[in-house]
Amino acid sequence: MNRHDLFKRAIALFRAGTEHDREAVSLLHRAMCGFQVHPAIPAWIGWAHKNGRGVPKDAYTALMWYRRAVKALRYNDPNEAWIKERVQRLEAQNPQPQPTPNEVHEWGLGRVKIKRGKQYGYRLHDTYAEVTLTEVPMYDEALVRLWKLLEEREARREKDLLPALLDENLKRDYPLFELRIERGRGEQFSHRKEGIRYTLITPHATRFEERITREAIIRHGLRLMKMAAEEYLPKRLKELSERVGLGYAHCHISHGNKTLGSFYYKSKDIDLSYHLLKRTPIQVDAVIIHELCHGVEFNHYNEFHYTMERYGGAAIAHADRHLYDHHVPTEI
Ligand SMILES: [Zn+2]
């Protein structure tokens with residue numbers, strides 16, 4: 001849905017009754033994102049505050065939003081007399097600032113705790129997000145910013161082929177790592193492990209359509225992938241190192257999704273990324289042999305490929321050369 005559609009849907013929801021007010025306000029918040037705001041959007045958020053529709057009834061916050069709408073009038077249609085009239089009426093009442101609510105539950109986003117501080121910031125937790133606002137007058141501006149941020153993040157991920165489902169049917173079947181999801185009875189995320197299959201158990205009250213929850217699922221999914229990597233990769237590295245007779249000092253599990261492996265000439269340490277768990281076993285072996293070969297051949301000149309074939313064989317050398325031919329999701 002583009003911004004115009006979000007706005008139209010929000011107004012339709014307001015008009016249909018009070019049942020979906022919170023959803024309507026959230027849609028307005030989403031429609032707000034951007035530099036040149038259409039004045040009708042902040043004006044409607046102001047209206048919602050004035051009337052307690054989906055947000056606390058708060059004349060002061062309403063006035064702040066109306067003022068913002070007036071500012072936006074300069075860039076847009078200057079004939080919206082109704083906005084100006086509302087501002088004047090509220091100015092006359094001289095509403096006083098109200099304390100910022102500590103917590104808001106935004107439809108489609110999740111639970112957001114709001115703090116005041118010196119610098120704008122946010123932190124994503126498993127079941128809520130914490131936003132620190134500076135002295136921005138409208139506390140729900142925090143939600144607007146958080147929406148924008150998470151929306152952009154998700155769009156980037158979609159471009160990077162994040163497999164679509166992040167709900168109770170989530171299913172990842174990589175050769176070395178499987179992920180499932182299950183709704184638990186508790187309040188926290190936990191997991192269960194059966195072989196290479198990890199089941200992420202969500203808090204009982206999880207709402208999969210909320211963006212804060214989706215972020216938590218990705219974060220925990222990656223954590224489980226890292227656990228699986230810590231179990232598999234160092235063991236496999238040791239095996240292959242002994243088999244081909246190329247040594248190394250220590251193995252670390254890294255998180256890069258572009259660089260799957262690194263060899264450190266000075267320390268002889270090898271880094272292997274846990275994103276390798278989304279690859280096939282032969283590709284994993286190819287990366288491991290590749291890094292081990294750097295112990296005898298520093299560069300990637302022709303000699304390197306002969307070294308790869310010598311220690312790994314033709315199939316491994318081939319897998320190594322074609323490692324990046326197919327795109328692999330950058331997340332879970
Ligand atoms: Zn290399």
# chains A, B, ... in the order shown; residues from 1 in each chain; ligands from 1
call {"tool": "residues_near_ligand", "arguments": {"ligand": "ligand 1", "cutoff": "9 Å", "atoms": "only C-alpha atoms and all ligand atoms", "output": "PyMOL selection string"}}
result
chain A and resi 261-263+287+290-291+293-294+298-300+304
call {"tool": "write_last_selection", "arguments": {"atoms": "N, CA and C atoms", "output": "PDB file, in the first residue's frame"}}
result
ATOM      1  N   GLY A 261      34.277 -16.769   4.830  1.00  0.00           N
ATOM      2  CA  GLY A 261      35.438 -17.292   5.536  1.00  0.00           C
ATOM      3  C   GLY A 261      36.615 -16.344   5.414  1.00  0.00           C
ATOM      4  N   SER A 262      37.504 -16.338   6.419  1.00  0.00           N
ATOM      5  CA  SER A 262      38.719 -15.522   6.359  1.00  0.00           C
ATOM      6  C   SER A 262      39.865 -16.293   6.987  1.00  0.00           C
ATOM      7  N   PHE A 263      41.061 -16.058   6.443  1.00  0.00           N
ATOM      8  CA  PHE A 263      42.261 -16.649   7.019  1.00  0.00           C
ATOM      9  C   PHE A 263      43.177 -15.513   7.452  1.00  0.00           C
ATOM     10  N   VAL A 287      34.645 -23.778   1.201  1.00  0.00           N
ATOM     11  CA  VAL A 287      35.092 -22.583   1.918  1.00  0.00           C
ATOM     12  C   VAL A 287      36.175 -22.958   2.931  1.00  0.00           C
ATOM     13  N   HIS A 290      39.331 -23.749   1.104  1.00  0.00           N
ATOM     14  CA  HIS A 290      39.839 -22.471   0.582  1.00  0.00           C
ATOM     15  C   HIS A 290      40.645 -21.745   1.665  1.00  0.00           C
ATOM     16  N   GLU A 291      40.070 -21.628   2.841  1.00  0.00           N
ATOM     17  CA  GLU A 291      40.771 -20.908   3.916  1.00  0.00           C
ATOM     18  C   GLU A 291      42.028 -21.667   4.350  1.00  0.00           C
ATOM     19  N   CYS A 293      43.849 -23.497   2.480  1.00  0.00           N
ATOM     20  CA  CYS A 293      44.847 -23.327   1.415  1.00  0.00           C
ATOM     21  C   CYS A 293      45.578 -21.995   1.532  1.00  0.00           C
ATOM     22  N   HIS A 294      44.921 -20.993   2.122  1.00  0.00           N
ATOM     23  CA  HIS A 294      45.597 -19.710   2.305  1.00  0.00           C
ATOM     24  C   HIS A 294      46.806 -19.846   3.227  1.00  0.00           C
ATOM     25  N   PHE A 298      49.038 -17.345  -0.422  1.00  0.00           N
ATOM     26  CA  PHE A 298      48.385 -16.138   0.091  1.00  0.00           C
ATOM     27  C   PHE A 298      47.340 -15.544  -0.845  1.00  0.00           C
ATOM     28  N   ASN A 299      47.684 -15.473  -2.135  1.00  0.00           N
ATOM     29  CA  ASN A 299      46.832 -14.735  -3.066  1.00  0.00           C
ATOM     30  C   ASN A 299      45.840 -15.633  -3.780  1.00  0.00           C
ATOM     31  N   HIS A 300      45.056 -15.009  -4.666  1.00  0.00           N
ATOM     32  CA  HIS A 300      44.084 -15.777  -5.441  1.00  0.00           C
ATOM     33  C   HIS A 300      44.548 -15.933  -6.890  1.00  0.00           C
ATOM     34  N   PHE A 304      46.735 -20.455  -6.792  1.00  0.00           N
ATOM     35  CA  PHE A 304      45.774 -20.766  -5.739  1.00  0.00           C
ATOM     36  C   PHE A 304      44.811 -21.868  -6.178  1.00  0.00           C
TER      37      PHE A 304
END
call {"tool": "residues_around", "arguments": {"residues": "Arg68 in chain A", "least_positions_apart": "4", "cutoff": "8 Å", "atoms": "only C-alpha atoms", "output": "MDAnalysis selection string"}}
result
chainID A and resid 39 42:43 64 72
call {"tool": "closest_residue", "arguments": {"among": "A:Arg9, A:Arg207, A:Lys268, A:Lys278", "to": "Lys226 in chain A", "atoms": "only C-alpha atoms"}}
result
A:Lys278
call {"tool": "select_by_dssp", "arguments": {"residues": "range 219-285 of chain A", "states": "helix (DSSP H, G or I)", "output": "ChimeraX atom specification"}}
result
/A:219-244,274-278,281-285
call {"tool": "residues_around", "arguments": {"residues": "Lys115 in chain A", "least_positions_apart": "3", "cutoff": "10 Å", "atoms": "only C-alpha atoms", "output": "tab-separated table (two decimals) with C-alpha atoms, in the first residue's frame"}}
result
chain	number	residue	atom	x	y	z
A	100	THR	CA	4.08	11.29	27.83
A	101	PRO	CA	2.54	7.83	28.20
A	102	ASN	CA	5.14	5.26	29.22
A	103	GLU	CA	3.88	2.71	26.80
A	112	VAL	CA	6.53	0.49	22.40
A	120	TYR	CA	16.79	10.05	19.88
A	121	GLY	CA	17.38	6.30	19.99
A	122	TYR	CA	15.65	2.99	19.89
A	130	GLU	CA	12.06	1.11	23.59
A	131	VAL	CA	12.25	4.54	22.00
A	132	THR	CA	14.01	7.53	23.54
A	133	LEU	CA	12.60	10.83	22.39
A	134	THR	CA	14.17	14.23	22.75
A	139	TYR	CA	5.11	11.47	21.71
A	142	ALA	CA	8.30	7.92	18.12
call {"tool": "select_by_dssp", "arguments": {"residues": "range 12-255 of chain A", "states": "strand (DSSP E)", "output": "ChimeraX atom specification"}}
result
/A:103-106,110-116,121-124,129-133,171-174,177-183,190-194,197-202,251-254
call {"tool": "write_last_selection", "arguments": {"atoms": "C-alpha atoms", "output": "compact mmCIF listing (two decimals), in the first residue's frame"}}
result
# COMPACT_ATOMS: atom_id res chain seq x y z
CA GLU A 103 3.88 2.71 26.80
CA VAL A 104 1.79 2.52 23.64
CA HIS A 105 0.62 -0.48 21.70
CA GLU A 106 0.67 0.31 18.02
CA GLY A 110 3.72 -3.89 18.72
CA ARG A 111 4.40 -2.64 22.23
CA VAL A 112 6.53 0.49 22.40
CA LYS A 113 7.92 1.97 25.60
CA ILE A 114 8.62 5.68 25.38
CA LYS A 115 11.32 7.51 27.30
CA ARG A 116 12.53 11.10 27.19
CA GLY A 121 17.38 6.30 19.99
CA TYR A 122 15.65 2.99 19.89
CA ARG A 123 16.24 -0.56 21.09
CA LEU A 124 14.43 -3.63 19.93
CA ALA A 129 10.70 -1.73 21.52
CA GLU A 130 12.06 1.11 23.59
CA VAL A 131 12.25 4.54 22.00
CA THR A 132 14.01 7.53 23.54
CA LEU A 133 12.60 10.83 22.39
CA LYS A 171 9.96 -23.42 7.74
CA ARG A 172 13.56 -23.35 6.65
CA ASP A 173 15.07 -26.52 5.28
CA TYR A 174 18.71 -25.91 4.57
CA PHE A 177 20.17 -26.34 9.43
CA GLU A 178 16.41 -26.55 9.82
CA LEU A 179 14.24 -24.01 11.53
CA ARG A 180 10.68 -24.32 12.78
CA ILE A 181 8.49 -22.13 14.90
CA GLU A 182 6.05 -22.95 17.65
CA ARG A 183 3.87 -20.86 19.92
CA SER A 190 13.13 -20.29 23.96
CA HIS A 191 14.09 -23.18 21.71
CA ARG A 192 14.25 -26.93 21.30
CA LYS A 193 16.85 -28.86 19.34
CA GLU A 194 16.48 -32.19 17.58
CA ARG A 197 16.35 -29.06 13.52
CA TYR A 198 15.90 -26.09 15.82
CA THR A 199 12.45 -25.05 16.91
CA LEU A 200 12.02 -21.48 18.02
CA ILE A 201 9.36 -21.30 20.72
CA THR A 202 7.70 -17.90 20.86
CA CYS A 251 38.48 -21.15 14.63
CA HIS A 252 35.99 -18.33 15.25
CA ILE A 253 32.39 -18.17 14.12
CA SER A 254 31.66 -14.82 12.48
call {"tool": "residues_around", "arguments": {"residues": "range 231-235 of chain A", "least_positions_apart": "5", "cutoff": "10 Å", "atoms": "only C-alpha atoms", "output": "CSV table (one decimal) with C-alpha atoms, in the first residue's frame"}}
result
chain,number,residue,atom,x,y,z
A,176,LEU,CA,22.7,-28.3,7.5
A,177,PHE,CA,20.2,-26.3,9.4
A,196,ILE,CA,20.0,-30.2,13.0
A,225,MET,CA,21.7,-20.7,13.2
A,226,LYS,CA,24.8,-19.5,15.0
A,240,LEU,CA,39.3,-31.5,7.0
A,241,SER,CA,42.4,-29.9,8.3
A,250,HIS,CA,41.9,-21.2,16.2
A,251,CYS,CA,38.5,-21.1,14.6
A,252,HIS,CA,36.0,-18.3,15.2
A,253,ILE,CA,32.4,-18.2,14.1
A,270,ILE,CA,40.2,-19.0,10.6
A,271,ASP,CA,36.9,-17.2,10.7
A,272,LEU,CA,33.8,-19.0,9.4
A,273,SER,CA,30.5,-17.3,9.0
A,274,TYR,CA,27.4,-18.9,10.5
A,276,LEU,CA,27.5,-21.0,5.8
A,277,LEU,CA,24.8,-23.1,7.3
A,284,VAL,CA,30.9,-25.5,3.2
A,285,ASP,CA,33.8,-27.8,2.6
A,288,ILE,CA,37.0,-24.5,4.6
call {"tool": "residues_around", "arguments": {"residues": "Arg86 in chain A", "least_positions_apart": "5", "cutoff": "10 Å", "atoms": "only C-alpha atoms", "output": "MDAnalysis selection string"}}
result
chainID A and resid 43 46:47 62:63 66:67 81 91:92
call {"tool": "atom_distance", "arguments": {"atom1": "CA of Phe189 in chain A", "atom2": "CA of Asp126 in chain A"}}
result
7.5 Å
call {"tool": "closest_residue", "arguments": {"among": "A:Gly295, A:Gly247, A:Ile217, A:Arg211", "to": "Glu152 in chain A", "atoms": "only C-alpha atoms"}}
result
A:Arg211
call {"tool": "atom_distance", "arguments": {"atom1": "CA of Gly221 in chain A", "atom2": "CA of Glu331 in chain A"}}
result
8.6 Å
call {"tool": "closest_residue", "arguments": {"among": "A:Ala286, A:Leu237, A:Ala317, A:Ala40", "to": "Trp65 in chain A", "atoms": "only C-alpha atoms"}}
result
A:Ala40
call {"tool": "atom_distance", "arguments": {"atom1": "CA of Arg53 in chain A", "atom2": "CA of Glu210 in chain A"}}
result
20.8 Å
call {"tool": "closest_residue", "arguments": {"among": "A:Leu13, A:Thr213, A:Gln98, A:Lys159", "to": "Tyr60 in chain A", "atoms": "only C-alpha atoms"}}
result
A:Gln98
call {"tool": "closest_residue", "arguments": {"among": "A:Leu222, A:Val55, A:Val70, A:Ile41", "to": "Gly256 in chain A", "atoms": "only C-alpha atoms"}}
result
A:Leu222
